[in-house]
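Chemist: Below is work-v4.cif; it holds mmCIF, N, CA, C and O atoms.
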data_target
#
loop_
_atom_site.group_PDB
_atom_site.id
_atom_site.type_symbol
_atom_site.label_atom_id
_atom_site.label_comp_id
_atom_site.auth_asym_id
_atom_site.auth_seq_id
_atom_site.Cartn_x
_atom_site.Cartn_y
_atom_site.Cartn_z
ATOM 1 N N MET A 114 42.227 -11.569 132.741
ATOM 2 C CA MET A 114 43.483 -11.273 132.085
ATOM 3 C C MET A 114 43.627 -9.762 131.961
ATOM 4 O O MET A 114 42.662 -9.064 131.693
ATOM 5 N N THR A 115 44.844 -9.273 132.128
ATOM 6 C CA THR A 115 45.092 -7.846 131.974
ATOM 7 C C THR A 115 45.167 -7.494 130.492
ATOM 8 O O THR A 115 45.221 -8.373 129.635
ATOM 9 N N ALA A 116 45.205 -6.209 130.216
ATOM 10 C CA ALA A 116 45.250 -5.743 128.826
ATOM 11 C C ALA A 116 46.480 -6.283 128.116
ATOM 12 O O ALA A 116 47.554 -6.401 128.700
ATOM 13 N N LEU A 117 46.319 -6.613 126.867
ATOM 14 C CA LEU A 117 47.383 -7.190 126.054
ATOM 15 C C LEU A 117 47.911 -6.134 125.102
ATOM 16 O O LEU A 117 47.134 -5.501 124.389
ATOM 17 N N ASP A 118 49.214 -5.938 125.086
ATOM 18 C CA ASP A 118 49.838 -4.985 124.175
ATOM 19 C C ASP A 118 49.983 -5.647 122.804
ATOM 20 O O ASP A 118 50.812 -6.528 122.619
ATOM 21 N N THR A 119 49.163 -5.221 121.861
ATOM 22 C CA THR A 119 49.148 -5.863 120.544
ATOM 23 C C THR A 119 49.968 -5.108 119.502
ATOM 24 O O THR A 119 49.938 -5.470 118.327
ATOM 25 N N THR A 120 50.730 -4.106 119.914
ATOM 26 C CA THR A 120 51.468 -3.293 118.944
ATOM 27 C C THR A 120 52.492 -4.103 118.160
ATOM 28 O O THR A 120 52.757 -3.789 117.009
ATOM 29 N N ASN A 121 53.054 -5.139 118.763
ATOM 30 C CA ASN A 121 54.053 -5.958 118.062
ATOM 31 C C ASN A 121 53.504 -7.298 117.600
ATOM 32 O O ASN A 121 54.254 -8.182 117.226
ATOM 33 N N MET A 122 52.188 -7.452 117.622
ATOM 34 C CA MET A 122 51.573 -8.706 117.208
ATOM 35 C C MET A 122 51.386 -8.725 115.690
ATOM 36 O O MET A 122 50.990 -7.734 115.092
ATOM 37 N N CYS A 123 51.637 -9.850 115.096
ATOM 38 C CA CYS A 123 51.446 -10.059 113.665
ATOM 39 C C CYS A 123 49.992 -9.738 113.278
ATOM 40 O O CYS A 123 49.055 -10.135 113.973
ATOM 41 N N SER A 124 49.803 -9.023 112.172
ATOM 42 C CA SER A 124 48.455 -8.625 111.762
ATOM 43 C C SER A 124 47.574 -9.849 111.436
ATOM 44 O O SER A 124 46.371 -9.833 111.684
ATOM 45 N N HIS A 125 48.178 -10.908 110.904
ATOM 46 C CA HIS A 125 47.412 -12.134 110.628
ATOM 47 C C HIS A 125 46.898 -12.732 111.931
ATOM 48 O O HIS A 125 45.755 -13.174 112.019
ATOM 49 N N LEU A 126 47.749 -12.736 112.943
ATOM 50 C CA LEU A 126 47.351 -13.273 114.241
ATOM 51 C C LEU A 126 46.263 -12.409 114.870
ATOM 52 O O LEU A 126 45.316 -12.929 115.451
ATOM 53 N N GLN A 127 46.367 -11.106 114.730
ATOM 54 C CA GLN A 127 45.335 -10.214 115.257
ATOM 55 C C GLN A 127 43.974 -10.550 114.667
ATOM 56 O O GLN A 127 42.979 -10.637 115.378
ATOM 57 N N ARG A 128 43.941 -10.754 113.354
ATOM 58 C CA ARG A 128 42.671 -11.097 112.701
ATOM 59 C C ARG A 128 42.143 -12.440 113.208
ATOM 60 O O ARG A 128 40.954 -12.592 113.474
ATOM 61 N N LYS A 129 43.029 -13.433 113.335
ATOM 62 C CA LYS A 129 42.597 -14.753 113.805
ATOM 63 C C LYS A 129 42.070 -14.709 115.230
ATOM 64 O O LYS A 129 41.176 -15.460 115.587
ATOM 65 N N LEU A 130 42.632 -13.832 116.055
ATOM 66 C CA LEU A 130 42.225 -13.731 117.451
ATOM 67 C C LEU A 130 40.986 -12.878 117.654
ATOM 68 O O LEU A 130 40.062 -13.264 118.364
ATOM 69 N N PHE A 131 40.979 -11.695 117.075
ATOM 70 C CA PHE A 131 39.988 -10.684 117.435
ATOM 71 C C PHE A 131 38.759 -10.642 116.541
ATOM 72 O O PHE A 131 37.720 -10.149 116.965
ATOM 73 N N ASP A 132 38.840 -11.132 115.314
ATOM 74 C CA ASP A 132 37.657 -11.177 114.449
ATOM 75 C C ASP A 132 36.732 -12.302 114.934
ATOM 76 O O ASP A 132 37.206 -13.400 115.251
ATOM 77 N N ALA A 133 35.456 -12.034 114.979
ATOM 78 C CA ALA A 133 34.494 -13.011 115.505
ATOM 79 C C ALA A 133 34.547 -14.345 114.767
ATOM 80 O O ALA A 133 34.290 -15.390 115.357
ATOM 81 N N ASP A 134 34.907 -14.342 113.491
ATOM 82 C CA ASP A 134 34.988 -15.589 112.737
ATOM 83 C C ASP A 134 36.427 -16.081 112.592
ATOM 84 O O ASP A 134 36.715 -16.980 111.819
ATOM 85 N N GLY A 135 37.357 -15.507 113.372
ATOM 86 C CA GLY A 135 38.767 -15.889 113.309
ATOM 87 C C GLY A 135 39.008 -17.282 113.878
ATOM 88 O O GLY A 135 38.297 -17.748 114.772
ATOM 89 N N ALA A 136 40.037 -17.927 113.378
ATOM 90 C CA ALA A 136 40.365 -19.302 113.774
ATOM 91 C C ALA A 136 40.669 -19.432 115.262
ATOM 92 O O ALA A 136 40.423 -20.480 115.860
ATOM 93 N N TYR A 137 41.211 -18.394 115.890
ATOM 94 C CA TYR A 137 41.580 -18.452 117.301
ATOM 95 C C TYR A 137 40.673 -17.626 118.201
ATOM 96 O O TYR A 137 40.962 -17.466 119.383
ATOM 97 N N HIS A 138 39.585 -17.116 117.665
ATOM 98 C CA HIS A 138 38.722 -16.251 118.467
ATOM 99 C C HIS A 138 38.196 -16.962 119.721
ATOM 100 O O HIS A 138 38.125 -16.375 120.796
ATOM 101 N N ARG A 139 37.850 -18.226 119.614
ATOM 102 C CA ARG A 139 37.350 -18.968 120.776
ATOM 103 C C ARG A 139 38.424 -19.067 121.860
ATOM 104 O O ARG A 139 38.108 -19.092 123.049
ATOM 105 N N LEU A 140 39.705 -19.093 121.457
ATOM 106 C CA LEU A 140 40.792 -19.099 122.437
ATOM 107 C C LEU A 140 40.891 -17.748 123.131
ATOM 108 O O LEU A 140 41.148 -17.672 124.331
ATOM 109 N N TRP A 141 40.671 -16.686 122.377
ATOM 110 C CA TRP A 141 40.691 -15.341 122.950
ATOM 111 C C TRP A 141 39.587 -15.212 124.008
ATOM 112 O O TRP A 141 39.810 -14.679 125.089
ATOM 113 N N VAL A 142 38.415 -15.721 123.709
ATOM 114 C CA VAL A 142 37.301 -15.682 124.664
ATOM 115 C C VAL A 142 37.660 -16.500 125.905
ATOM 116 O O VAL A 142 37.422 -16.066 127.040
ATOM 117 N N ALA A 143 38.271 -17.656 125.709
ATOM 118 C CA ALA A 143 38.672 -18.500 126.839
ATOM 119 C C ALA A 143 39.706 -17.788 127.708
ATOM 120 O O ALA A 143 39.668 -17.887 128.939
ATOM 121 N N LEU A 144 40.606 -17.042 127.083
ATOM 122 C CA LEU A 144 41.601 -16.272 127.845
ATOM 123 C C LEU A 144 40.928 -15.242 128.740
ATOM 124 O O LEU A 144 41.376 -14.998 129.860
ATOM 125 N N GLN A 145 39.870 -14.646 128.251
ATOM 126 C CA GLN A 145 39.158 -13.635 129.025
ATOM 127 C C GLN A 145 38.430 -14.246 130.217
ATOM 128 O O GLN A 145 38.296 -13.607 131.260
ATOM 129 N N ASP A 146 37.980 -15.478 130.074
ATOM 130 C CA ASP A 146 37.148 -16.111 131.091
ATOM 131 C C ASP A 146 37.921 -16.909 132.139
ATOM 132 O O ASP A 146 37.381 -17.228 133.181
ATOM 133 N N ASP A 147 39.163 -17.250 131.866
ATOM 134 C CA ASP A 147 39.931 -18.138 132.748
ATOM 135 C C ASP A 147 41.039 -17.353 133.442
ATOM 136 O O ASP A 147 42.001 -16.915 132.819
ATOM 137 N N ARG A 148 40.916 -17.188 134.753
ATOM 138 C CA ARG A 148 41.883 -16.394 135.529
ATOM 139 C C ARG A 148 43.258 -17.047 135.619
ATOM 140 O O ARG A 148 44.240 -16.389 135.934
ATOM 141 N N GLU A 149 43.347 -18.338 135.368
ATOM 142 C CA GLU A 149 44.639 -19.032 135.423
ATOM 143 C C GLU A 149 45.477 -18.780 134.177
ATOM 144 O O GLU A 149 46.674 -19.039 134.176
ATOM 145 N N LEU A 150 44.852 -18.300 133.105
ATOM 146 C CA LEU A 150 45.556 -18.076 131.837
ATOM 147 C C LEU A 150 46.036 -16.641 131.720
ATOM 148 O O LEU A 150 45.321 -15.701 132.063
ATOM 149 N N THR A 151 47.248 -16.489 131.204
ATOM 150 C CA THR A 151 47.796 -15.176 130.864
ATOM 151 C C THR A 151 48.417 -15.291 129.482
ATOM 152 O O THR A 151 48.709 -16.391 129.008
ATOM 153 N N ALA A 152 48.620 -14.146 128.850
ATOM 154 C CA ALA A 152 49.205 -14.150 127.511
ATOM 155 C C ALA A 152 50.150 -12.962 127.361
ATOM 156 O O ALA A 152 49.924 -11.900 127.932
ATOM 157 N N VAL A 153 51.216 -13.181 126.582
ATOM 158 C CA VAL A 153 52.221 -12.163 126.324
ATOM 159 C C VAL A 153 52.575 -12.229 124.845
ATOM 160 O O VAL A 153 52.691 -13.315 124.279
ATOM 161 N N VAL A 154 52.760 -11.061 124.229
ATOM 162 C CA VAL A 154 53.199 -11.015 122.835
ATOM 163 C C VAL A 154 54.723 -10.973 122.834
ATOM 164 O O VAL A 154 55.335 -10.092 123.444
ATOM 165 N N ARG A 155 55.317 -11.941 122.151
ATOM 166 C CA ARG A 155 56.769 -12.005 121.993
ATOM 167 C C ARG A 155 57.059 -12.400 120.551
ATOM 168 O O ARG A 155 56.479 -13.351 120.043
ATOM 169 N N SER A 156 57.961 -11.673 119.931
ATOM 170 C CA SER A 156 58.372 -11.973 118.551
ATOM 171 C C SER A 156 57.168 -12.105 117.631
ATOM 172 O O SER A 156 57.095 -13.016 116.816
ATOM 173 N N ARG A 157 56.190 -11.200 117.800
ATOM 174 C CA ARG A 157 54.996 -11.123 116.966
ATOM 175 C C ARG A 157 54.039 -12.298 117.162
ATOM 176 O O ARG A 157 53.071 -12.471 116.473
ATOM 177 N N GLN A 158 54.334 -13.180 118.133
ATOM 178 C CA GLN A 158 53.508 -14.344 118.437
ATOM 179 C C GLN A 158 52.857 -14.167 119.801
ATOM 180 O O GLN A 158 53.324 -13.388 120.624
ATOM 181 N N LEU A 159 51.791 -14.925 120.047
ATOM 182 C CA LEU A 159 51.111 -14.886 121.332
ATOM 183 C C LEU A 159 51.495 -16.129 122.127
ATOM 184 O O LEU A 159 51.252 -17.256 121.695
ATOM 185 N N HIS A 160 52.114 -15.911 123.278
ATOM 186 C CA HIS A 160 52.505 -16.990 124.172
ATOM 187 C C HIS A 160 51.469 -17.053 125.290
ATOM 188 O O HIS A 160 51.244 -16.059 125.975
ATOM 189 N N ILE A 161 50.857 -18.213 125.457
ATOM 190 C CA ILE A 161 49.802 -18.396 126.454
ATOM 191 C C ILE A 161 50.344 -19.260 127.599
ATOM 192 O O ILE A 161 50.953 -20.300 127.358
ATOM 193 N N TYR A 162 50.091 -18.779 128.816
ATOM 194 C CA TYR A 162 50.586 -19.436 130.023
ATOM 195 C C TYR A 162 49.422 -19.807 130.931
ATOM 196 O O TYR A 162 48.441 -19.088 130.998
ATOM 197 N N ARG A 163 49.555 -20.919 131.639
ATOM 198 C CA ARG A 163 48.618 -21.289 132.692
ATOM 199 C C ARG A 163 49.437 -21.401 133.984
ATOM 200 O O ARG A 163 50.374 -22.181 134.058
ATOM 201 N N ASN A 164 49.063 -20.576 134.954
ATOM 202 C CA ASN A 164 49.760 -20.545 136.240
ATOM 203 C C ASN A 164 51.271 -20.372 136.066
ATOM 204 O O ASN A 164 52.068 -21.023 136.732
ATOM 205 N N GLY A 165 51.668 -19.526 135.127
ATOM 206 C CA GLY A 165 53.076 -19.213 134.922
ATOM 207 C C GLY A 165 53.844 -20.177 134.044
ATOM 208 O O GLY A 165 55.016 -19.949 133.764
ATOM 209 N N LYS A 166 53.225 -21.244 133.584
ATOM 210 C CA LYS A 166 53.899 -22.217 132.719
ATOM 211 C C LYS A 166 53.338 -22.109 131.309
ATOM 212 O O LYS A 166 52.134 -22.163 131.096
ATOM 213 N N ARG A 167 54.241 -21.955 130.346
ATOM 214 C CA ARG A 167 53.812 -21.793 128.953
ATOM 215 C C ARG A 167 53.172 -23.078 128.458
ATOM 216 O O ARG A 167 53.703 -24.166 128.631
ATOM 217 N N VAL A 168 52.016 -22.916 127.801
ATOM 218 C CA VAL A 168 51.301 -24.080 127.274
ATOM 219 C C VAL A 168 51.117 -24.033 125.758
ATOM 220 O O VAL A 168 50.992 -25.082 125.130
ATOM 221 N N LEU A 169 51.108 -22.830 125.168
ATOM 222 C CA LEU A 169 50.761 -22.715 123.762
ATOM 223 C C LEU A 169 51.370 -21.445 123.161
ATOM 224 O O LEU A 169 51.436 -20.419 123.831
ATOM 225 N N VAL A 170 51.814 -21.544 121.889
ATOM 226 C CA VAL A 170 52.304 -20.384 121.156
ATOM 227 C C VAL A 170 51.500 -20.296 119.860
ATOM 228 O O VAL A 170 51.437 -21.258 119.093
ATOM 229 N N LEU A 171 50.892 -19.127 119.642
ATOM 230 C CA LEU A 171 50.104 -18.900 118.424
ATOM 231 C C LEU A 171 50.827 -17.904 117.540
ATOM 232 O O LEU A 171 51.289 -16.869 118.013
ATOM 233 N N ALA A 172 50.915 -18.234 116.260
ATOM 234 C CA ALA A 172 51.518 -17.345 115.276
ATOM 235 C C ALA A 172 50.490 -17.054 114.191
ATOM 236 O O ALA A 172 49.487 -17.753 114.078
ATOM 237 N N GLY A 173 50.746 -16.042 113.391
ATOM 238 C CA GLY A 173 49.793 -15.649 112.367
ATOM 239 C C GLY A 173 49.644 -16.655 111.253
ATOM 240 O O GLY A 173 48.546 -17.098 110.932
ATOM 241 N N LYS A 174 50.753 -17.034 110.641
ATOM 242 C CA LYS A 174 50.689 -17.943 109.498
ATOM 243 C C LYS A 174 51.132 -19.361 109.828
ATOM 244 O O LYS A 174 50.747 -20.300 109.160
ATOM 245 N N ALA A 175 51.950 -19.525 110.856
ATOM 246 C CA ALA A 175 52.437 -20.851 111.242
ATOM 247 C C ALA A 175 51.392 -21.584 112.075
ATOM 248 O O ALA A 175 50.482 -20.978 112.637
ATOM 249 N N SER A 176 51.550 -22.879 112.170
ATOM 250 C CA SER A 176 50.652 -23.693 112.987
ATOM 251 C C SER A 176 50.885 -23.408 114.467
ATOM 252 O O SER A 176 51.993 -23.054 114.862
ATOM 253 N N PRO A 177 49.855 -23.594 115.280
ATOM 254 C CA PRO A 177 50.028 -23.411 116.725
ATOM 255 C C PRO A 177 51.043 -24.411 117.258
ATOM 256 O O PRO A 177 51.130 -25.546 116.786
ATOM 257 N N LYS A 178 51.828 -23.982 118.232
ATOM 258 C CA LYS A 178 52.840 -24.854 118.827
ATOM 259 C C LYS A 178 52.413 -25.189 120.254
ATOM 260 O O LYS A 178 52.398 -24.320 121.122
ATOM 261 N N VAL A 179 52.054 -26.439 120.474
ATOM 262 C CA VAL A 179 51.645 -26.906 121.795
ATOM 263 C C VAL A 179 52.910 -27.217 122.586
ATOM 264 O O VAL A 179 53.709 -28.054 122.181
ATOM 265 N N ILE A 180 53.086 -26.533 123.694
ATOM 266 C CA ILE A 180 54.247 -26.737 124.552
ATOM 267 C C ILE A 180 53.940 -27.767 125.625
ATOM 268 O O ILE A 180 54.753 -28.623 125.943
ATOM 269 N N ARG A 181 52.754 -27.677 126.196
ATOM 270 C CA ARG A 181 52.343 -28.536 127.308
ATOM 271 C C ARG A 181 50.866 -28.850 127.116
ATOM 272 O O ARG A 181 50.098 -27.996 126.734
ATOM 273 N N GLU A 182 50.477 -30.086 127.376
ATOM 274 C CA GLU A 182 49.070 -30.465 127.250
ATOM 275 C C GLU A 182 48.216 -29.628 128.198
ATOM 276 O O GLU A 182 48.544 -29.491 129.370
ATOM 277 N N ASP A 183 47.134 -29.066 127.667
ATOM 278 C CA ASP A 183 46.250 -28.212 128.449
ATOM 279 C C ASP A 183 44.894 -28.198 127.764
ATOM 280 O O ASP A 183 44.802 -28.429 126.552
ATOM 281 N N LYS A 184 43.864 -27.890 128.531
ATOM 282 C CA LYS A 184 42.522 -27.891 127.944
ATOM 283 C C LYS A 184 42.359 -26.815 126.876
ATOM 284 O O LYS A 184 41.578 -26.988 125.948
ATOM 285 N N ILE A 185 43.119 -25.719 126.951
ATOM 286 C CA ILE A 185 43.013 -24.699 125.897
ATOM 287 C C ILE A 185 43.605 -25.214 124.579
ATOM 288 O O ILE A 185 43.123 -24.881 123.504
ATOM 289 N N CYS A 186 44.617 -26.067 124.667
ATOM 290 C CA CYS A 186 45.205 -26.669 123.459
ATOM 291 C C CYS A 186 44.221 -27.618 122.792
ATOM 292 O O CYS A 186 44.191 -27.744 121.565
ATOM 293 N N GLU A 187 43.418 -28.285 123.608
ATOM 294 C CA GLU A 187 42.411 -29.194 123.076
ATOM 295 C C GLU A 187 41.379 -28.469 122.225
ATOM 296 O O GLU A 187 40.812 -29.053 121.316
ATOM 297 N N MET A 188 41.154 -27.193 122.498
ATOM 298 C CA MET A 188 40.191 -26.409 121.709
ATOM 299 C C MET A 188 40.649 -26.295 120.269
ATOM 300 O O MET A 188 39.831 -26.285 119.358
ATOM 301 N N ILE A 189 41.948 -26.225 120.051
ATOM 302 C CA ILE A 189 42.489 -26.147 118.690
ATOM 303 C C ILE A 189 42.347 -27.499 118.001
ATOM 304 O O ILE A 189 41.910 -27.586 116.872
ATOM 305 N N GLU A 190 42.713 -28.565 118.708
ATOM 306 C CA GLU A 190 42.683 -29.904 118.129
ATOM 307 C C GLU A 190 41.271 -30.344 117.756
ATOM 308 O O GLU A 190 41.067 -30.980 116.743
ATOM 309 N N ARG A 191 40.297 -29.975 118.594
ATOM 310 C CA ARG A 191 38.904 -30.363 118.340
ATOM 311 C C ARG A 191 38.215 -29.424 117.355
ATOM 312 O O ARG A 191 37.165 -29.740 116.838
ATOM 313 N N GLY A 192 38.817 -28.235 117.139
ATOM 314 C CA GLY A 192 38.199 -27.281 116.238
ATOM 315 C C GLY A 192 36.957 -26.635 116.813
ATOM 316 O O GLY A 192 36.037 -26.307 116.091
ATOM 317 N N GLU A 193 36.935 -26.466 118.115
ATOM 318 C CA GLU A 193 35.764 -25.842 118.770
ATOM 319 C C GLU A 193 35.580 -24.435 118.322
ATOM 320 O O GLU A 193 36.471 -23.719 118.032
#
Reformat the file's structure so that it appears as structure tokens.

Modeler:
Amino acid sequence: MTALDTTNMCSHLQRKLFDADGAYHRLWVALQDDRELTAVVRSRQLHIYRNGKRVLVLAGKASPKVIREDKICEMIERGE
């Protein structure tokens, strides 16, 4: 994955993603390891895509929004 511009990302979401004990940190690691996944910050949220199709939207305080079934979404449901 290329560098992510976090300047417009919600501070709560930043903590959940980048802190080692954050709720979404395992998703951040998966983004780094999977070449099919990309992410873009829009409206302070993180939109995650697989092969150009949006699969998941992460927000700081709101619940994750699953757009399309994907193995990365399963990580949230299972609490990995």

Chemist: Rank A:Glu182, A:Leu150, A:His138, A:Ile161 by their smallest atom-to-atom distance to Leu126 of chain A, using only N, CA, C and O atoms, and report the top residue only.

Modeler: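 For Leu126 of chain A, the nearest of the given residues is A:His138.
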
Chemist: What's the separation between atom C of Trp141 of chain A and atom C of Ile185 of chain A, in Å to one decimal place?

Modeler: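 Result for atom C of Trp141 of chain A versus atom C of Ile185 of chain A: 10.8 Å, one decimal.
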
Chemist: Have a look at atom CA of Arg181 of chain A and atom CA of Leu169 of chain A and let me know their distance in Å, one decimal.

Modeler: 7.0 Å

Chemist: Go through A:Leu130, A:Ile189, A:Ala116, A:Cys123 one by one, measure the shortest atom-to-atom distance of each to Arg155 of chain A using all atoms listed in the file, and give the residue with the smallest value.

Modeler: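 Closest candidate: A:Cys123.
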
Chemist: As an exercise, work out the distance from atom CA of Met188 of chain A to atom CA of Thr120 of chain A in Å and give it to one decimal place.

Modeler: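 Going from atom CA of Met188 of chain A over to atom CA of Thr120 of chain A, I get 25.9 Å.
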
Chemist: Write out as a ChimeraX atom specification each polymer residue whose atoms come within 8 Å of Asp118 of chain A, counting all atoms listed in the file; drop sequence neighbours fewer than 5 positions from it.

Modeler: /A:152-155,158

Chemist: Any chance you could list, as a PyMOL selection string, the residues in chain A that come up helix (DSSP H, G or I) when DSSP is run on the backbone?

Modeler: chain A and resi 124-131+138-146+184-191

Chemist: Report as a PyMOL selection string all protein, DNA and RNA residues lying within 8 Å of Arg128 of chain A, evaluated on only N, CA, C and O atoms, omitting residues in the same chain fewer than 6 positions from it.

Modeler: chain A and resi 122+134-138+173
